[in-house]
file run-v6.pdb (PDB, C-alpha atoms, pLDDT in the B column)
ATOM      1  CA  MET A 147     118.009  70.575  53.057  1.00 88.00           C
ATOM      2  CA  ALA A 148     120.783  70.603  55.597  1.00 89.00           C
ATOM      3  CA  ALA A 149     123.410  69.745  52.973  1.00 92.00           C
ATOM      4  CA  VAL A 150     122.999  73.252  51.541  1.00 96.00           C
ATOM      5  CA  GLY A 151     122.706  75.256  54.751  1.00 94.00           C
ATOM      6  CA  ALA A 152     120.706  76.195  57.810  1.00 93.00           C
ATOM      7  CA  GLY A 153     117.078  77.091  57.130  1.00 94.00           C
ATOM      8  CA  VAL A 154     117.127  75.775  53.559  1.00 97.00           C
ATOM      9  CA  ARG A 155     114.109  73.667  52.600  1.00 96.00           C
ATOM     10  CA  GLU A 156     112.949  71.892  49.478  1.00 96.00           C
ATOM     11  CA  ILE A 157     109.668  71.295  47.717  1.00 97.00           C
ATOM     12  CA  ARG A 158     109.353  67.912  46.022  1.00 95.00           C
ATOM     13  CA  VAL A 159     106.971  67.419  43.117  1.00 97.00           C
ATOM     14  CA  LYS A 160     106.327  64.191  41.247  1.00 96.00           C
ATOM     15  CA  ASP A 161     104.211  64.166  38.112  1.00 94.00           C
ATOM     16  CA  VAL A 162     104.036  62.379  34.777  1.00 95.00           C
ATOM     17  CA  GLY A 163     106.945  64.480  33.478  1.00 93.00           C
ATOM     18  CA  GLY A 164     109.308  63.367  36.248  1.00 94.00           C
ATOM     19  CA  ILE A 165     110.459  64.329  39.706  1.00 95.00           C
ATOM     20  CA  PHE A 166     111.324  67.970  40.397  1.00 97.00           C
ATOM     21  CA  ARG A 167     112.897  69.848  43.314  1.00 97.00           C
ATOM     22  CA  THR A 168     112.877  73.495  44.341  1.00 97.00           C
ATOM     23  CA  VAL A 169     115.416  74.500  46.975  1.00 97.00           C
ATOM     24  CA  TYR A 170     114.564  77.692  48.847  1.00 97.00           C
ATOM     25  CA  LEU A 171     115.279  79.861  51.882  1.00 97.00           C
ATOM     26  CA  ALA A 172     112.299  81.415  53.681  1.00 95.00           C
ATOM     27  CA  THR A 173     113.886  82.599  56.927  1.00 93.00           C
ATOM     28  CA  ARG A 174     114.921  86.057  55.722  1.00 92.00           C
ATOM     29  CA  PRO A 175     112.473  88.892  56.439  1.00 91.00           C
ATOM     30  CA  ALA A 176     112.769  90.531  53.013  1.00 90.00           C
ATOM     31  CA  ALA A 177     111.764  87.646  50.749  1.00 95.00           C
ATOM     32  CA  VAL A 178     111.645  83.959  49.969  1.00 97.00           C
ATOM     33  CA  TYR A 179     114.771  83.121  47.982  1.00 97.00           C
ATOM     34  CA  VAL A 180     114.616  80.310  45.433  1.00 97.00           C
ATOM     35  CA  LEU A 181     118.147  78.968  45.329  1.00 97.00           C
ATOM     36  CA  HIS A 182     117.768  76.264  42.685  1.00 97.00           C
ATOM     37  CA  CYS A 183     115.167  74.262  40.736  1.00 97.00           C
ATOM     38  CA  PHE A 184     115.956  71.058  38.920  1.00 97.00           C
ATOM     39  CA  GLN A 185     114.626  67.748  37.659  1.00 96.00           C
ATOM     40  CA  LYS A 186     115.861  64.684  39.498  1.00 93.00           C
ATOM     41  CA  LYS A 187     116.984  61.833  37.316  1.00 90.00           C
ATOM     42  CA  THR A 188     118.741  59.711  39.939  1.00 90.00           C
ATOM     43  CA  GLN A 189     117.986  58.562  43.496  1.00 89.00           C
ATOM     44  CA  GLN A 190     120.655  60.805  45.003  1.00 92.00           C
ATOM     45  CA  THR A 191     120.779  64.563  44.492  1.00 92.00           C
ATOM     46  CA  LEU A 192     123.770  65.392  42.306  1.00 94.00           C
ATOM     47  CA  GLN A 193     126.625  67.184  44.041  1.00 95.00           C
ATOM     48  CA  ARG A 194     126.609  69.921  41.399  1.00 96.00           C
ATOM     49  CA  ASP A 195     122.998  70.782  42.332  1.00 96.00           C
ATOM     50  CA  VAL A 196     123.898  70.974  46.026  1.00 96.00           C
ATOM     51  CA  ASP A 197     126.990  73.076  45.267  1.00 97.00           C
ATOM     52  CA  LEU A 198     125.036  75.518  43.104  1.00 97.00           C
ATOM     53  CA  ALA A 199     122.352  75.987  45.780  1.00 97.00           C
ATOM     54  CA  ARG A 200     125.069  76.452  48.428  1.00 97.00           C
ATOM     55  CA  LYS A 201     126.816  79.131  46.319  1.00 97.00           C
ATOM     56  CA  ARG A 202     123.546  80.981  45.785  1.00 97.00           C
ATOM     57  CA  LEU A 203     122.804  80.784  49.523  1.00 97.00           C
ATOM     58  CA  GLN A 204     126.174  82.383  50.249  1.00 96.00           C
ATOM     59  CA  ASP A 205     125.318  85.182  47.790  1.00 96.00           C
ATOM     60  CA  VAL A 206     122.003  85.813  49.578  1.00 94.00           C
ATOM     61  CA  LEU A 207     123.631  85.905  53.010  1.00 93.00           C
ATOM     62  CA  ARG A 208     126.250  88.490  51.978  1.00 90.00           C
TER      63      ARG A 208
END
call {"tool": "encode", "arguments": {"input": "run-v6.pdb", "output": "C-alpha cells"}}
result
Amino acid sequence: MAAVGAGVREIRVKDVGGIFRTVYLATRPAAVYVLHCFQKKTQQTLQRDVDLARKRLQDVLR
C-alpha cells in the first residue's frame, strides 16, 4: 500500500459480512506491525484510513 509508506502491504478479505482490509508492515526485524484494520464500504479507501495507517507507521519508525 504505497499510499501509506514503503514496505506497507495489505490483506484483503471478502466474506458474507463485507469487505475487510488489514494494513501491515512486515519489513522490521522485531515484529509484524498491524497499522490498521477496517471494513470497506466504498470502492475507494477513505483518506482517514490512509492517514491513520500513515500516522501509526511513523510511530513505528521512530
call {"tool": "resolve_selection", "arguments": {"input": "run-v6.pdb", "expression": "the PyMOL selection byres ((chain A and resi 182) around 8)", "output": "PyMOL selection string"}}
result
chain A and resi 168-170+180-181+183-184+195+198-199
call {"tool": "resolve_selection", "arguments": {"input": "run-v6.pdb", "expression": "the PyMOL selection byres ((chain A and resi 172) around 12)", "output": "PyMOL selection string"}}
result
chain A and resi 152-156+169-171+173-181+203+206
call {"tool": "resolve_selection", "arguments": {"input": "run-v6.pdb", "expression": "the PyMOL selection byres ((chain A and resi 159) around 12)", "output": "list in words"}}
result
Glu156, Ile157, Arg158, Lys160, Asp161, Val162, Gly163, Gly164, Ile165, Phe166, Arg167, Thr168, Val169, Cys183, Phe184, Gln185 and Lys186 of chain A
call {"tool": "atom_distance", "arguments": {"input": "run-v6.pdb", "atom1": "CA of Val150 in chain A", "atom2": "CA of Asp197 in chain A"}}
result
7.4 Å
call {"tool": "axis_aligned_box", "arguments": {"input": "run-v6.pdb", "around": "range 159-169 of chain A", "padding_each_side": "4 Å", "output": "lines of an AutoDock Vina configuration file"}}
result
center_x = 109.7
center_y = 68.4
center_z = 40.2
size_x = 19.4
size_y = 20.1
size_z = 21.5
call {"tool": "atom_distance", "arguments": {"input": "run-v6.pdb", "atom1": "CA of Met147 in chain A", "atom2": "CA of Lys187 in chain A"}}
result
18.0 Å
